[in-house]
file target.cif (mmCIF, C-alpha atoms)
data_data
#
loop_
_atom_site.label_atom_id
_atom_site.label_comp_id
_atom_site.auth_asym_id
_atom_site.auth_seq_id
_atom_site.Cartn_x
_atom_site.Cartn_y
_atom_site.Cartn_z
CA MET A 26 12.42 6.61 1.57
CA ARG A 27 15.27 4.32 2.54
CA GLY A 28 15.86 1.83 5.33
CA HIS A 29 13.07 -0.51 4.36
CA GLY A 30 15.01 -3.68 5.14
CA PHE A 31 12.42 -6.29 5.95
CA LEU A 32 12.74 -7.41 9.57
CA LEU A 33 11.91 -10.98 8.60
CA ALA A 34 13.26 -12.61 5.44
CA ASN A 35 11.13 -12.26 2.30
CA TYR A 36 10.05 -15.43 0.53
CA VAL A 37 12.79 -17.11 -1.49
CA PRO A 38 11.43 -19.62 -4.03
CA GLY A 39 12.91 -23.10 -3.66
CA GLN A 40 12.27 -26.82 -3.41
CA SER A 41 14.03 -27.65 -0.13
CA PHE A 42 12.34 -30.00 2.35
CA ILE A 43 11.58 -26.95 4.50
CA HIS A 44 9.82 -25.29 1.57
CA ARG A 45 7.75 -28.42 1.14
CA ALA A 46 7.06 -28.94 4.85
CA PRO A 47 3.45 -28.45 5.94
CA LEU A 48 2.65 -24.91 7.00
CA ALA A 49 1.30 -26.11 10.35
CA LEU A 50 4.67 -27.70 11.15
CA LYS A 51 6.49 -24.43 10.41
CA PHE A 52 3.98 -22.51 12.52
CA LEU A 53 4.60 -25.00 15.32
CA LEU A 54 8.35 -24.49 15.03
CA VAL A 55 7.96 -20.72 15.45
CA PHE A 56 5.51 -21.20 18.31
CA GLY A 57 7.81 -23.75 19.98
CA CYS A 58 10.82 -21.44 19.71
CA GLY A 59 8.82 -18.58 21.22
CA LEU A 60 7.70 -20.79 24.07
CA ALA A 61 11.19 -22.21 24.62
CA SER A 62 12.62 -18.72 24.99
CA PHE A 63 10.72 -18.51 28.30
CA ILE A 64 11.71 -21.99 29.45
CA VAL A 65 15.36 -22.44 28.43
CA VAL A 66 17.68 -21.18 31.17
CA ASP A 67 21.06 -22.27 29.82
CA TRP A 68 22.66 -20.02 27.21
CA ARG A 69 24.50 -23.02 25.72
CA VAL A 70 21.16 -24.67 24.86
CA SER A 71 20.00 -21.40 23.25
CA LEU A 72 23.23 -21.26 21.26
CA ALA A 73 22.79 -24.85 20.08
CA VAL A 74 19.17 -24.18 19.01
CA LEU A 75 20.23 -21.00 17.22
CA ALA A 76 23.00 -22.87 15.40
CA GLY A 77 20.52 -25.57 14.38
CA LEU A 78 18.03 -22.99 13.08
CA CYS A 79 20.75 -21.13 11.17
CA GLY A 80 21.76 -24.47 9.63
CA LEU A 81 18.15 -25.12 8.58
CA PHE A 82 17.91 -21.60 7.15
CA LEU A 83 21.01 -22.18 5.02
CA LEU A 84 19.61 -25.54 3.85
CA THR A 85 16.66 -23.68 2.31
CA GLY A 86 19.05 -22.05 -0.15
CA ALA A 87 18.06 -18.55 0.96
CA GLY A 88 21.71 -17.83 1.72
CA LEU A 89 23.80 -16.23 4.41
CA LYS A 90 23.10 -12.73 3.08
CA LYS A 91 19.37 -13.15 3.61
CA LEU A 92 19.97 -14.52 7.11
CA TRP A 93 22.17 -11.57 8.00
CA ALA A 94 19.59 -9.16 6.49
CA ALA A 95 16.97 -10.57 8.87
CA ILE A 96 19.21 -10.17 11.92
CA ARG A 97 21.02 -6.92 11.06
CA PRO A 98 18.15 -4.49 11.84
CA LEU A 99 18.11 -5.90 15.39
CA ALA A 100 21.86 -5.75 15.99
CA ALA A 101 21.92 -2.34 17.72
CA VAL A 102 18.92 -3.17 19.93
CA LEU A 103 20.40 -6.56 20.86
CA LEU A 104 23.68 -4.90 21.76
CA VAL A 105 21.91 -2.45 24.09
CA ILE A 106 19.84 -5.26 25.65
CA GLY A 107 22.91 -7.47 26.01
CA VAL A 108 25.04 -4.80 27.71
CA PHE A 109 22.21 -3.78 30.02
CA GLN A 110 21.44 -7.37 31.05
CA TRP A 111 25.13 -8.16 31.51
CA TRP A 112 25.42 -5.16 33.83
CA MET A 113 22.23 -6.05 35.73
CA LEU A 114 22.24 -9.87 35.79
CA GLY A 115 25.60 -11.06 34.53
CA ALA A 116 27.02 -12.47 31.32
CA PRO A 117 25.25 -15.89 31.17
CA THR A 118 21.77 -14.33 31.53
CA ALA A 119 22.59 -11.58 29.03
CA ALA A 120 23.80 -14.17 26.52
CA ARG A 121 20.69 -16.33 27.06
CA ILE A 122 18.29 -13.40 26.52
CA VAL A 123 20.04 -12.16 23.37
CA LEU A 124 20.33 -15.69 21.95
CA ASN A 125 16.66 -16.45 22.68
CA ILE A 126 15.56 -13.31 20.80
CA LEU A 127 17.73 -14.38 17.88
CA VAL A 128 16.20 -17.87 18.00
CA CYS A 129 12.71 -16.34 17.63
CA VAL A 130 13.77 -14.07 14.77
CA VAL A 131 15.56 -16.82 12.83
CA ALA A 132 12.65 -19.24 13.35
CA ALA A 133 10.18 -16.63 12.06
CA SER A 134 12.50 -15.86 9.14
CA LEU A 135 12.68 -19.55 8.32
CA LEU A 136 8.88 -19.52 8.03
CA THR A 137 8.65 -16.37 5.89
CA ALA A 138 11.63 -17.29 3.68
CA THR A 139 10.12 -20.65 2.74
CA THR A 140 6.41 -19.80 2.55
CA PRO A 141 4.80 -17.46 0.01
CA VAL A 142 2.83 -14.74 1.82
CA GLN A 143 -0.41 -15.82 0.17
CA ARG A 144 0.05 -19.37 1.50
CA LEU A 145 0.77 -17.90 4.90
CA LEU A 146 -2.44 -15.86 4.69
CA ASP A 147 -4.41 -18.91 3.51
CA GLY A 148 -3.07 -20.70 6.60
CA VAL A 149 -4.19 -17.85 8.84
CA VAL A 150 -7.64 -17.90 7.20
CA ARG A 151 -7.90 -21.66 7.82
CA ALA A 152 -6.68 -21.33 11.41
CA ALA A 153 -9.17 -18.52 12.09
CA GLY A 154 -12.01 -20.49 10.44
CA PRO A 155 -13.53 -21.78 13.72
CA PHE A 156 -14.01 -18.18 14.88
CA LYS A 157 -16.43 -17.59 11.98
CA ARG A 158 -19.30 -18.90 14.10
CA PHE A 159 -18.66 -16.05 16.54
CA GLY A 160 -18.98 -13.50 13.74
CA ALA A 161 -15.25 -13.12 13.00
CA ASP A 162 -14.09 -12.72 9.39
CA PRO A 163 -10.98 -14.92 8.80
CA GLU A 164 -10.02 -12.84 5.74
CA ARG A 165 -9.72 -9.83 8.01
CA PHE A 166 -7.39 -11.80 10.27
CA ALA A 167 -5.22 -12.50 7.23
CA LEU A 168 -5.34 -8.88 6.10
CA THR A 169 -4.24 -7.76 9.55
CA ILE A 170 -1.19 -10.03 9.34
CA ALA A 171 -0.44 -8.74 5.84
CA ILE A 172 -0.62 -5.12 6.99
CA MET A 173 1.59 -5.89 9.99
CA LEU A 174 4.23 -7.45 7.72
CA ARG A 175 4.07 -4.35 5.52
CA SER A 176 4.04 -1.77 8.31
CA ILE A 177 7.12 -2.90 10.24
CA PRO A 178 9.60 -2.13 7.42
CA TYR A 179 7.76 1.08 6.55
CA ILE A 180 8.02 2.42 10.08
CA ALA A 181 11.65 1.29 10.30
CA GLY A 182 12.29 3.21 7.06
CA THR A 183 10.52 6.27 8.42
CA PHE A 184 12.68 6.15 11.53
CA ALA A 185 15.84 6.03 9.39
CA ASP A 186 14.64 9.01 7.32
CA VAL A 187 13.67 11.06 10.36
CA ARG A 188 16.98 10.27 12.07
CA ASP A 189 18.85 11.51 8.98
CA SER A 190 16.87 14.76 8.81
CA ALA A 191 17.36 15.31 12.56
CA ARG A 192 21.10 14.71 12.11
CA ALA A 193 21.20 17.17 9.20
CA ARG A 194 19.70 19.82 11.48
CA GLY A 195 21.95 18.93 14.41
CA LEU A 196 19.01 17.57 16.42
CA GLU A 197 20.04 13.92 16.64
CA ARG A 198 20.14 14.07 20.45
CA ASN A 199 16.67 15.56 20.73
CA PRO A 200 14.19 12.69 21.29
CA ARG A 201 11.25 14.93 20.32
CA ALA A 202 12.80 15.56 16.91
CA LEU A 203 12.93 11.79 16.39
CA ILE A 204 9.78 10.45 18.02
CA LEU A 205 7.17 13.03 17.01
CA PRO A 206 7.79 12.93 13.23
CA VAL A 207 7.89 9.11 13.27
CA PHE A 208 4.61 9.07 15.19
CA ILE A 209 2.93 11.56 12.84
CA THR A 210 4.22 9.79 9.71
CA SER A 211 3.06 6.44 11.07
CA VAL A 212 -0.44 7.78 11.73
CA ALA A 213 -0.55 9.29 8.22
CA PHE A 214 0.64 5.94 6.80
CA ALA A 215 -2.10 4.11 8.71
CA ARG A 216 -4.71 6.49 7.29
CA GLN A 217 -3.38 6.15 3.75
CA THR A 218 -3.27 2.37 4.04
CA GLY A 219 -6.84 2.31 5.35
CA GLU A 220 -7.96 4.49 2.47
CA ALA A 221 -6.12 2.37 -0.09
CA LEU A 222 -7.66 -0.82 1.32
CA ALA A 223 -11.13 0.74 1.32
CA ALA A 224 -10.66 1.87 -2.29
CA ARG A 225 -9.81 -1.73 -3.26
CA GLY A 226 -12.74 -3.11 -1.28
CA LEU A 227 -10.34 -5.09 0.96
CA GLY A 228 -11.20 -5.67 4.60
CA GLU A 229 -14.92 -5.27 4.01
CA ALA A 230 -17.33 -7.82 5.40
CA GLU A 231 -18.00 -10.92 3.28
CA ASP A 232 -21.06 -10.90 0.98
CA MET B 20 -19.31 2.91 -21.32
CA PRO B 21 -20.63 3.00 -17.73
CA ALA B 22 -22.29 6.23 -16.72
CA VAL B 23 -20.99 8.12 -13.72
CA THR B 24 -23.46 10.78 -12.64
CA PHE B 25 -23.19 13.62 -10.16
CA ASP B 26 -26.56 15.06 -9.16
CA ARG B 27 -26.11 18.46 -7.46
CA VAL B 28 -23.26 17.12 -5.35
CA THR B 29 -21.91 19.24 -2.52
CA VAL B 30 -19.10 18.26 -0.16
CA ALA B 31 -18.48 20.43 2.88
CA VAL B 32 -16.19 19.79 5.86
CA GLU B 33 -16.02 21.27 9.33
CA THR B 34 -12.85 23.24 10.03
CA ASP B 35 -11.37 24.72 13.20
CA ASN B 36 -10.66 28.06 11.56
CA THR B 37 -14.12 29.04 10.30
CA PRO B 38 -17.54 28.79 11.95
CA GLU B 39 -19.13 27.72 8.65
CA PRO B 40 -18.22 24.38 7.02
CA LYS B 41 -15.70 24.72 4.21
CA VAL B 42 -17.21 23.84 0.82
CA LEU B 43 -14.90 21.59 -1.20
CA ILE B 44 -17.38 20.82 -4.00
CA ASP B 45 -20.31 23.07 -4.68
CA ALA B 46 -23.52 21.69 -6.27
CA VAL B 47 -21.79 19.89 -9.14
CA SER B 48 -23.94 18.05 -11.68
CA LEU B 49 -22.30 15.88 -14.33
CA GLU B 50 -22.92 12.88 -16.52
CA LEU B 51 -19.67 11.18 -17.48
CA THR B 52 -20.07 8.67 -20.30
CA GLU B 53 -16.91 9.23 -22.39
CA GLN B 54 -14.12 6.67 -22.23
CA ARG B 55 -11.31 9.02 -21.19
CA ILE B 56 -12.10 11.93 -18.94
CA GLY B 57 -9.52 14.34 -17.56
CA VAL B 58 -9.87 16.53 -14.49
CA ILE B 59 -7.51 19.49 -14.26
CA GLY B 60 -7.21 22.42 -11.88
CA ALA B 61 -4.91 24.03 -9.33
CA ASN B 62 -3.79 22.32 -6.12
CA GLY B 63 -6.65 22.40 -3.61
CA SER B 64 -9.26 23.14 -6.29
CA GLY B 65 -11.26 19.98 -5.52
CA LYS B 66 -9.98 17.55 -8.18
CA SER B 67 -9.17 14.76 -5.72
CA THR B 68 -12.53 15.22 -3.98
CA VAL B 69 -14.34 14.77 -7.31
CA LEU B 70 -12.40 11.56 -7.97
CA ARG B 71 -12.89 10.20 -4.45
CA LEU B 72 -16.63 10.74 -4.78
CA VAL B 73 -16.68 8.29 -7.70
CA ASN B 74 -15.27 5.46 -5.56
CA GLY B 75 -17.20 6.34 -2.40
CA LEU B 76 -14.03 7.31 -0.51
CA VAL B 77 -15.67 10.70 0.03
CA GLN B 78 -19.42 10.89 0.54
CA PRO B 79 -21.51 13.84 -0.57
CA THR B 80 -22.87 16.19 2.08
CA ALA B 81 -25.76 16.85 -0.32
CA GLY B 82 -26.74 15.35 -3.66
CA LYS B 83 -25.96 11.93 -5.09
CA VAL B 84 -23.23 10.17 -7.07
CA THR B 85 -24.05 6.99 -8.98
CA VAL B 86 -21.94 4.58 -11.04
CA ASP B 87 -24.05 2.62 -13.50
CA GLY B 88 -27.05 3.35 -11.30
CA ALA B 89 -25.37 2.22 -8.05
CA ASP B 90 -25.36 4.87 -5.35
CA THR B 91 -21.88 5.44 -3.90
CA VAL B 92 -23.31 5.70 -0.37
CA ARG B 93 -25.99 3.00 -0.33
CA ASN B 94 -24.21 0.51 -2.62
CA VAL B 95 -20.63 1.33 -1.80
CA ARG B 96 -19.44 -2.29 -2.06
CA THR B 97 -20.93 -2.70 -5.53
CA VAL B 98 -19.40 0.63 -6.53
CA ARG B 99 -15.94 -0.33 -5.27
CA ARG B 100 -16.10 -3.62 -7.15
CA ASN B 101 -16.71 -1.66 -10.34
CA VAL B 102 -14.47 1.32 -9.73
CA GLY B 103 -10.72 0.83 -9.36
CA PHE B 104 -8.75 3.64 -7.76
CA VAL B 105 -5.07 4.41 -8.33
CA PHE B 106 -3.45 6.85 -5.91
CA THR B 107 -0.69 9.38 -6.62
CA ASP B 108 1.83 7.53 -4.47
CA PRO B 109 1.84 3.79 -5.24
CA LEU B 110 3.70 3.08 -1.99
CA SER B 111 0.63 4.05 -0.02
CA GLN B 112 -1.40 1.67 -2.16
CA LEU B 113 0.79 -1.43 -2.42
CA VAL B 114 0.21 -3.37 0.78
CA MET B 115 2.36 -6.44 0.16
CA PRO B 116 6.15 -6.75 -0.12
CA THR B 117 6.12 -7.82 -3.78
CA GLY B 118 3.93 -7.03 -6.78
CA ARG B 119 2.82 -10.63 -7.25
CA GLU B 120 1.64 -10.83 -3.64
CA ASP B 121 -0.18 -7.54 -3.92
CA VAL B 122 -2.04 -8.60 -7.06
CA GLU B 123 -2.92 -11.89 -5.35
CA LEU B 124 -4.23 -9.91 -2.38
CA SER B 125 -6.59 -8.04 -4.74
CA LEU B 126 -7.88 -11.39 -5.98
CA ARG B 127 -8.41 -13.05 -2.59
CA ARG B 128 -12.12 -12.30 -2.48
CA SER B 129 -12.92 -13.26 -6.05
CA VAL B 130 -10.64 -16.29 -6.59
CA ARG B 131 -10.66 -18.66 -3.62
CA ASN B 132 -8.45 -21.40 -5.04
CA GLY B 133 -4.75 -20.64 -4.43
CA THR B 134 -3.48 -22.09 -7.72
CA GLU B 135 -6.14 -20.32 -9.79
CA ARG B 136 -5.41 -17.09 -7.91
CA ARG B 137 -1.73 -17.40 -8.71
CA GLN B 138 -2.50 -17.96 -12.38
CA ALA B 139 -4.92 -15.01 -12.47
CA ALA B 140 -2.28 -12.80 -10.82
CA GLU B 141 0.32 -13.87 -13.37
CA ALA B 142 -2.09 -13.10 -16.20
CA ALA B 143 -2.80 -9.64 -14.74
CA LEU B 144 0.92 -8.90 -14.40
CA ASP B 145 1.69 -10.26 -17.85
CA ARG B 146 -0.95 -7.99 -19.39
CA LEU B 147 1.08 -4.96 -18.28
CA GLY B 148 4.44 -6.60 -19.03
CA LEU B 149 5.33 -6.87 -15.33
CA LEU B 150 5.82 -10.60 -14.93
CA GLU B 151 9.62 -10.31 -14.70
CA LEU B 152 9.28 -7.81 -11.84
CA ALA B 153 6.61 -9.82 -10.02
CA ASP B 154 8.87 -11.14 -7.24
CA GLN B 155 10.97 -8.02 -6.68
CA SER B 156 10.47 -6.00 -3.53
CA ILE B 157 8.25 -2.99 -4.28
CA TYR B 158 11.06 -0.82 -2.87
CA GLU B 159 13.44 -2.07 -5.56
CA LEU B 160 11.15 -0.97 -8.40
CA SER B 161 11.39 2.38 -10.17
CA GLY B 162 8.60 4.92 -9.64
CA GLY B 163 7.00 4.04 -12.97
CA GLU B 164 7.22 0.30 -12.38
CA ARG B 165 5.69 0.76 -8.94
CA GLN B 166 2.84 2.83 -10.40
CA LEU B 167 2.23 0.14 -13.05
CA MET B 168 2.29 -2.51 -10.31
CA ALA B 169 -0.39 -0.58 -8.40
CA LEU B 170 -2.35 -0.34 -11.64
CA ALA B 171 -2.01 -4.10 -12.21
CA ALA B 172 -3.31 -4.80 -8.70
CA VAL B 173 -6.36 -2.64 -9.41
CA LEU B 174 -6.97 -4.01 -12.92
CA ALA B 175 -6.68 -7.62 -11.71
CA VAL B 176 -10.29 -7.55 -10.50
CA ASN B 177 -11.41 -6.11 -13.85
CA PRO B 178 -13.20 -2.91 -12.82
CA SER B 179 -15.35 -1.15 -15.42
CA VAL B 180 -14.18 2.31 -14.33
CA LEU B 181 -10.61 3.28 -13.48
CA VAL B 182 -10.04 6.40 -11.43
CA LEU B 183 -6.50 7.79 -11.22
CA ASP B 184 -5.53 10.62 -8.90
CA GLU B 185 -2.55 12.44 -10.45
CA PRO B 186 -0.84 9.16 -11.38
CA SER B 187 2.11 10.80 -13.14
CA THR B 188 2.98 13.47 -10.56
CA LEU B 189 5.84 11.51 -8.97
CA LEU B 190 7.18 10.10 -12.24
CA ASP B 191 10.06 11.19 -14.45
CA LEU B 192 9.55 11.72 -18.18
CA ARG B 193 10.36 8.14 -19.18
CA ASN B 194 8.06 6.57 -16.59
CA ARG B 195 5.35 9.08 -17.44
CA GLU B 196 5.54 7.93 -21.05
CA LEU B 197 5.36 4.29 -19.92
CA LEU B 198 2.23 5.02 -17.88
CA ARG B 199 0.65 7.04 -20.70
CA ARG B 200 1.11 4.19 -23.18
CA THR B 201 -0.30 1.67 -20.73
CA LEU B 202 -3.38 3.76 -20.05
CA ALA B 203 -3.92 4.28 -23.78
CA GLY B 204 -4.25 0.51 -24.23
CA LEU B 205 -6.95 -0.03 -21.59
CA ASP B 206 -10.61 -0.74 -22.34
CA GLN B 207 -11.92 0.68 -19.06
CA GLN B 208 -13.54 4.06 -18.68
CA ILE B 209 -10.79 6.27 -17.27
CA ILE B 210 -11.35 9.29 -15.06
CA MET B 211 -8.04 10.92 -14.21
CA SER B 212 -6.87 14.09 -12.53
CA THR B 213 -3.54 15.41 -13.71
CA HIS B 214 -1.20 18.38 -13.82
CA ASP B 215 0.33 16.95 -16.99
CA LEU B 216 -1.41 19.01 -19.67
CA GLU B 217 0.03 16.86 -22.49
CA LEU B 218 -1.71 13.89 -20.92
CA ALA B 219 -4.90 15.93 -20.47
CA LEU B 220 -4.85 16.77 -24.18
CA GLU B 221 -5.28 13.07 -24.98
CA MET B 222 -8.61 12.84 -23.14
CA ASP B 223 -12.02 12.77 -24.82
CA ARG B 224 -13.43 15.25 -22.34
CA VAL B 225 -11.79 17.47 -19.73
CA LEU B 226 -13.28 19.17 -16.68
CA VAL B 227 -11.58 22.25 -15.26
CA ILE B 228 -12.17 22.58 -11.52
CA GLU B 229 -11.69 25.86 -9.70
CA GLU B 230 -12.62 26.40 -6.05
CA GLY B 231 -14.94 23.40 -5.97
CA GLU B 232 -16.84 24.24 -9.14
CA VAL B 233 -16.62 22.92 -12.68
CA VAL B 234 -15.72 26.11 -14.53
CA PHE B 235 -15.19 24.45 -17.90
CA ASP B 236 -16.41 21.17 -19.34
CA GLY B 237 -15.66 20.20 -22.91
CA GLY B 238 -13.02 19.13 -25.41
CA ALA B 239 -9.44 18.68 -24.25
CA ALA B 240 -7.80 21.49 -26.24
CA ALA B 241 -10.38 24.11 -25.25
CA ALA B 242 -10.26 22.98 -21.61
CA VAL B 243 -6.47 23.19 -21.44
CA ASP B 244 -6.58 26.69 -23.02
CA HIS B 245 -9.19 27.73 -20.47
CA TYR B 246 -7.06 26.40 -17.60
CA ARG B 247 -3.95 28.15 -18.91
CA MET B 248 -5.92 31.41 -19.08
CA LEU B 249 -7.16 30.89 -15.50
CA CYS B 250 -3.61 30.33 -14.29
CA ARG B 251 -2.30 33.44 -16.09
CA ASP B 252 -5.13 35.57 -14.68
CA GLY B 253 -4.46 34.27 -11.19
CA LEU B 254 -0.79 35.28 -11.17
CA PRO B 255 0.23 38.42 -9.25
CA ALA B 256 1.04 41.43 -11.48
CA GLY B 257 4.67 42.46 -12.09
CA LYS B 258 7.87 40.55 -12.71
CA PRO B 259 9.11 38.09 -10.16
CA ARG B 260 12.23 39.32 -8.36
#

call {"tool": "encode", "arguments": {"input": "target.cif", "output": "structure tokens"}}
result
Amino acid sequence: MRGHGFLLANYVPGQSFIHRAPLALKFLLVFGCGLASFIVVDWRVSLAVLAGLCGLFLLTGAGLKKLWAAIRPLAAVLLVIGVFQWWMLGAPTAARIVLNILVCVVAASLLTATTPVQRLLDGVVRAAGPFKRFGADPERFALTIAIMLRSIPYIAGTFADVRDSARARGLERNPRALILPVFITSVAFARQTGEALAARGLGEAED
Amino acid sequence: MPAVTFDRVTVAVETDNTPEPKVLIDAVSLELTEQRIGVIGANGSGKSTVLRLVNGLVQPTAGKVTVDGADTVRNVRTVRRNVGFVFTDPLSQLVMPTGREDVELSLRRSVRNGTERRQAAEAALDRLGLLELADQSIYELSGGERQLMALAAVLAVNPSVLVLDEPSTLLDLRNRELLRRTLAGLDQQIIMSTHDLELALEMDRVLVIEEGEVVFDGGAAAAVDHYRMLCRDGLPAGKPR
């Protein structure tokens, strides 16, 4: 299967100040960027924030290639969104929306590129700790995040494979030939993942 | 060696096509105490069902499966702690983006401290010679490396029984050899289904499964001969066109 480019950047080992920054601060940055995308109304502010985040990303040492790899899978979708919004609401709004999405993606990539997944999961477990008294299992929260991180590239890869087979059969314009196989493969993947987790005793209630 | 026992185990499933449940495993009784046990048989014969019963992934409709005395239905968590399971396709088993992270995920329950967990994961990867590949994306690994990575993630929690469902099916000759050598060096009891008869010949005991029944149970050479005979007898008469 091809097309498994990770939507967010994988962890890149390093010693930059962003690598060493507390996890909570990085979480806050992502949260703040997400929140700001609803509040900021000027595309020039969005552009400045995006430039700042790209600068921070490059300071981590992860490199331009990694940054582009995180953005590239979204390029086609952003183009469609941008053109549609430009047609409906004009160029400044279209630019703001596209830039705000990019801000969120780069901020999230900054977090994943500078934090090992296990540390990220430990953070989720700690953050979900207070819910323990209500019967929640923080480890399951973490496992859910882990599976989400794993599933996005898998489904993206499945879509690329299905699109190629549809193209080979001359069915690339048939939405059923694209959507149904992706749906069925995704359900099968979910079942296999569930079985694999059960076999490893992961996701079971704490002793 | 731990003892895996099947006591008149039947597995039947409801199907849309027949009014009666379809019997996948029919009243099988076994006591598996050898270190290396092979399970061979045609596709759909019930090999995978036998293996999944050992880990509690499939539960018996009738009868009982125990691993070292622990019932796979009543004590499924104990059983899964003791029985590691390796699937045919490692991609459906590896949950995390890199091998190191996947091994660490296996260890999350048993090793709470992050630093100790990292060290334990490195030790588990090093044991199989995978430390250099630890931080590579699982998609960048070869089929054999991926299968070994899945094996490392399972072995990290030190199970006493290792169940492998056709682990070499997706591998080329070189990777198959790599896997074979790795398995030969393990201390665990191994129960493995395979279509690779050379691999089956290295087992201490081999079960031949046909239509949900154990039709032969004994030494590897005799079992492989029996299976070959079954396959020849099952072929349609005449030359293929």

call {"tool": "closest_residue", "arguments": {"input": "target.cif", "among": "A:Ile64, A:Ala94, A:Leu114, A:Leu146", "to": "Arg127 in chain B", "atoms": "all atoms listed in the file"}}
result
A:Leu146

call {"tool": "closest_atom_pairs", "arguments": {"input": "target.cif", "of": "chain B", "to": "chain A", "cutoff": "7 Å", "atoms": "all atoms listed in the file", "output": "Markdown table"}}
result
| residue | atom | partner | partner_atom | distance |
| --- | --- | --- | --- | --- |
| B:Asn74 | CA | A:Ala224 | CA | 6.7 |
| B:Leu76 | CA | A:Ala224 | CA | 6.6 |
| B:Arg96 | CA | A:Gly226 | CA | 6.8 |
| B:Arg99 | CA | A:Gly226 | CA | 5.8 |
| B:Arg100 | CA | A:Gly226 | CA | 6.8 |
| B:Gly103 | CA | A:Arg225 | CA | 6.7 |
| B:Phe104 | CA | A:Ala224 | CA | 6.1 |
| B:Ser111 | CA | A:Thr218 | CA | 5.9 |
| B:Gln112 | CA | A:Ala221 | CA | 5.2 |
| B:Val114 | CA | A:Arg175 | CA | 6.2 |
| B:Met115 | CA | A:Arg175 | CA | 6.0 |
| B:Pro116 | CA | A:Arg175 | CA | 6.5 |
| B:Glu120 | CA | A:Gln143 | CA | 6.6 |

call {"tool": "write_last_selection", "arguments": {"input": "target.cif", "atoms": "C-alpha atoms", "output": "PDB file, in the frame of the given file"}}
result
ATOM      1  CA  ASN B  74     -15.270   5.460  -5.560  1.00  0.00           C
ATOM      2  CA  LEU B  76     -14.030   7.310  -0.510  1.00  0.00           C
ATOM      3  CA  ARG B  96     -19.440  -2.290  -2.060  1.00  0.00           C
ATOM      4  CA  ARG B  99     -15.940  -0.330  -5.270  1.00  0.00           C
ATOM      5  CA  ARG B 100     -16.100  -3.620  -7.150  1.00  0.00           C
ATOM      6  CA  GLY B 103     -10.720   0.830  -9.360  1.00  0.00           C
ATOM      7  CA  PHE B 104      -8.750   3.640  -7.760  1.00  0.00           C
ATOM      8  CA  SER B 111       0.630   4.050  -0.020  1.00  0.00           C
ATOM      9  CA  GLN B 112      -1.400   1.670  -2.160  1.00  0.00           C
ATOM     10  CA  VAL B 114       0.210  -3.370   0.780  1.00  0.00           C
ATOM     11  CA  MET B 115       2.360  -6.440   0.160  1.00  0.00           C
ATOM     12  CA  PRO B 116       6.150  -6.750  -0.120  1.00  0.00           C
ATOM     13  CA  GLU B 120       1.640 -10.830  -3.640  1.00  0.00           C
TER      14      GLU B 120
END

call {"tool": "resolve_selection", "arguments": {"input": "target.cif", "expression": "the PyMOL selection byres ((chain B and resi 220) around 10)", "output": "count of residues only"}}
result
17

call {"tool": "resolve_selection", "arguments": {"input": "target.cif", "expression": "the PyMOL selection byres ((chain B and resi 22) around 6)", "output": "MDAnalysis selection string"}}
result
chainID B and resid 21 23 51:52 86:87

call {"tool": "residues_around", "arguments": {"input": "target.cif", "residues": "Leu54 in chain A", "least_positions_apart": "2", "cutoff": "12 Å", "atoms": "all atoms listed in the file", "output": "ChimeraX atom specification"}}
result
/A:43,46-52,56-61,74,78,81,128-136

call {"tool": "write_last_selection", "arguments": {"input": "target.cif", "atoms": "C-alpha atoms", "output": "PDB file, in the coordinates of the input"}}
result
ATOM      1  CA  ILE A  43      11.580 -26.950   4.500  1.00  0.00           C
ATOM      2  CA  ALA A  46       7.060 -28.940   4.850  1.00  0.00           C
ATOM      3  CA  PRO A  47       3.450 -28.450   5.940  1.00  0.00           C
ATOM      4  CA  LEU A  48       2.650 -24.910   7.000  1.00  0.00           C
ATOM      5  CA  ALA A  49       1.300 -26.110  10.350  1.00  0.00           C
ATOM      6  CA  LEU A  50       4.670 -27.700  11.150  1.00  0.00           C
ATOM      7  CA  LYS A  51       6.490 -24.430  10.410  1.00  0.00           C
ATOM      8  CA  PHE A  52       3.980 -22.510  12.520  1.00  0.00           C
ATOM      9  CA  PHE A  56       5.510 -21.200  18.310  1.00  0.00           C
ATOM     10  CA  GLY A  57       7.810 -23.750  19.980  1.00  0.00           C
ATOM     11  CA  CYS A  58      10.820 -21.440  19.710  1.00  0.00           C
ATOM     12  CA  GLY A  59       8.820 -18.580  21.220  1.00  0.00           C
ATOM     13  CA  LEU A  60       7.700 -20.790  24.070  1.00  0.00           C
ATOM     14  CA  ALA A  61      11.190 -22.210  24.620  1.00  0.00           C
ATOM     15  CA  VAL A  74      19.170 -24.180  19.010  1.00  0.00           C
ATOM     16  CA  LEU A  78      18.030 -22.990  13.080  1.00  0.00           C
ATOM     17  CA  LEU A  81      18.150 -25.120   8.580  1.00  0.00           C
ATOM     18  CA  VAL A 128      16.200 -17.870  18.000  1.00  0.00           C
ATOM     19  CA  CYS A 129      12.710 -16.340  17.630  1.00  0.00           C
ATOM     20  CA  VAL A 130      13.770 -14.070  14.770  1.00  0.00           C
ATOM     21  CA  VAL A 131      15.560 -16.820  12.830  1.00  0.00           C
ATOM     22  CA  ALA A 132      12.650 -19.240  13.350  1.00  0.00           C
ATOM     23  CA  ALA A 133      10.180 -16.630  12.060  1.00  0.00           C
ATOM     24  CA  SER A 134      12.500 -15.860   9.140  1.00  0.00           C
ATOM     25  CA  LEU A 135      12.680 -19.550   8.320  1.00  0.00           C
ATOM     26  CA  LEU A 136       8.880 -19.520   8.030  1.00  0.00           C
TER      27      LEU A 136
END
